[in-house]
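Reviewing the structure listed below.
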Amino acid sequence: MLTRAELYDRLKSQIQHEDELIIIRVVWQLLAQSFFSVPMRLS
């Protein structure tokens, strides 16, 4: 059985992990949008 402090720490850790994954996805999305929105000139 977990104590309240241990349960809190585990939940907080899981939330932080999910938050980091979301941040990574947002960064990738922004990079992809900036790469594909630049007009490419072949001259």
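Letters A, B, ... mark the chains of the structure tokens in the order given; residue numbers begin at 1 per chain; ligand numbers begin at 1, in order shown.
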If you run DSSP over the backbone, which residues in chain A end up alpha helix (DSSP H)? Put them as number ranges by chain. A: 4-37
Take atom CA of Ile22 of chain A and atom CA of Ser37 of chain A and report the distance between them in Å, one decimal.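 About the pair atom CA of Ile22 of chain A and atom CA of Ser37 of chain A: they are 22.3 Å apart.
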Provide the atom CA of Ser13 of chain A to atom CA of Met1 of chain A distance in Å, to one decimal place.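 Interatomic distance, atom CA of Ser13 of chain A to atom CA of Met1 of chain A: 18.1 Å.
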Å distance separating atom CA of Gln33 of chain A from atom CA of Ile15 of chain A, one decimal place: 27.0 Å
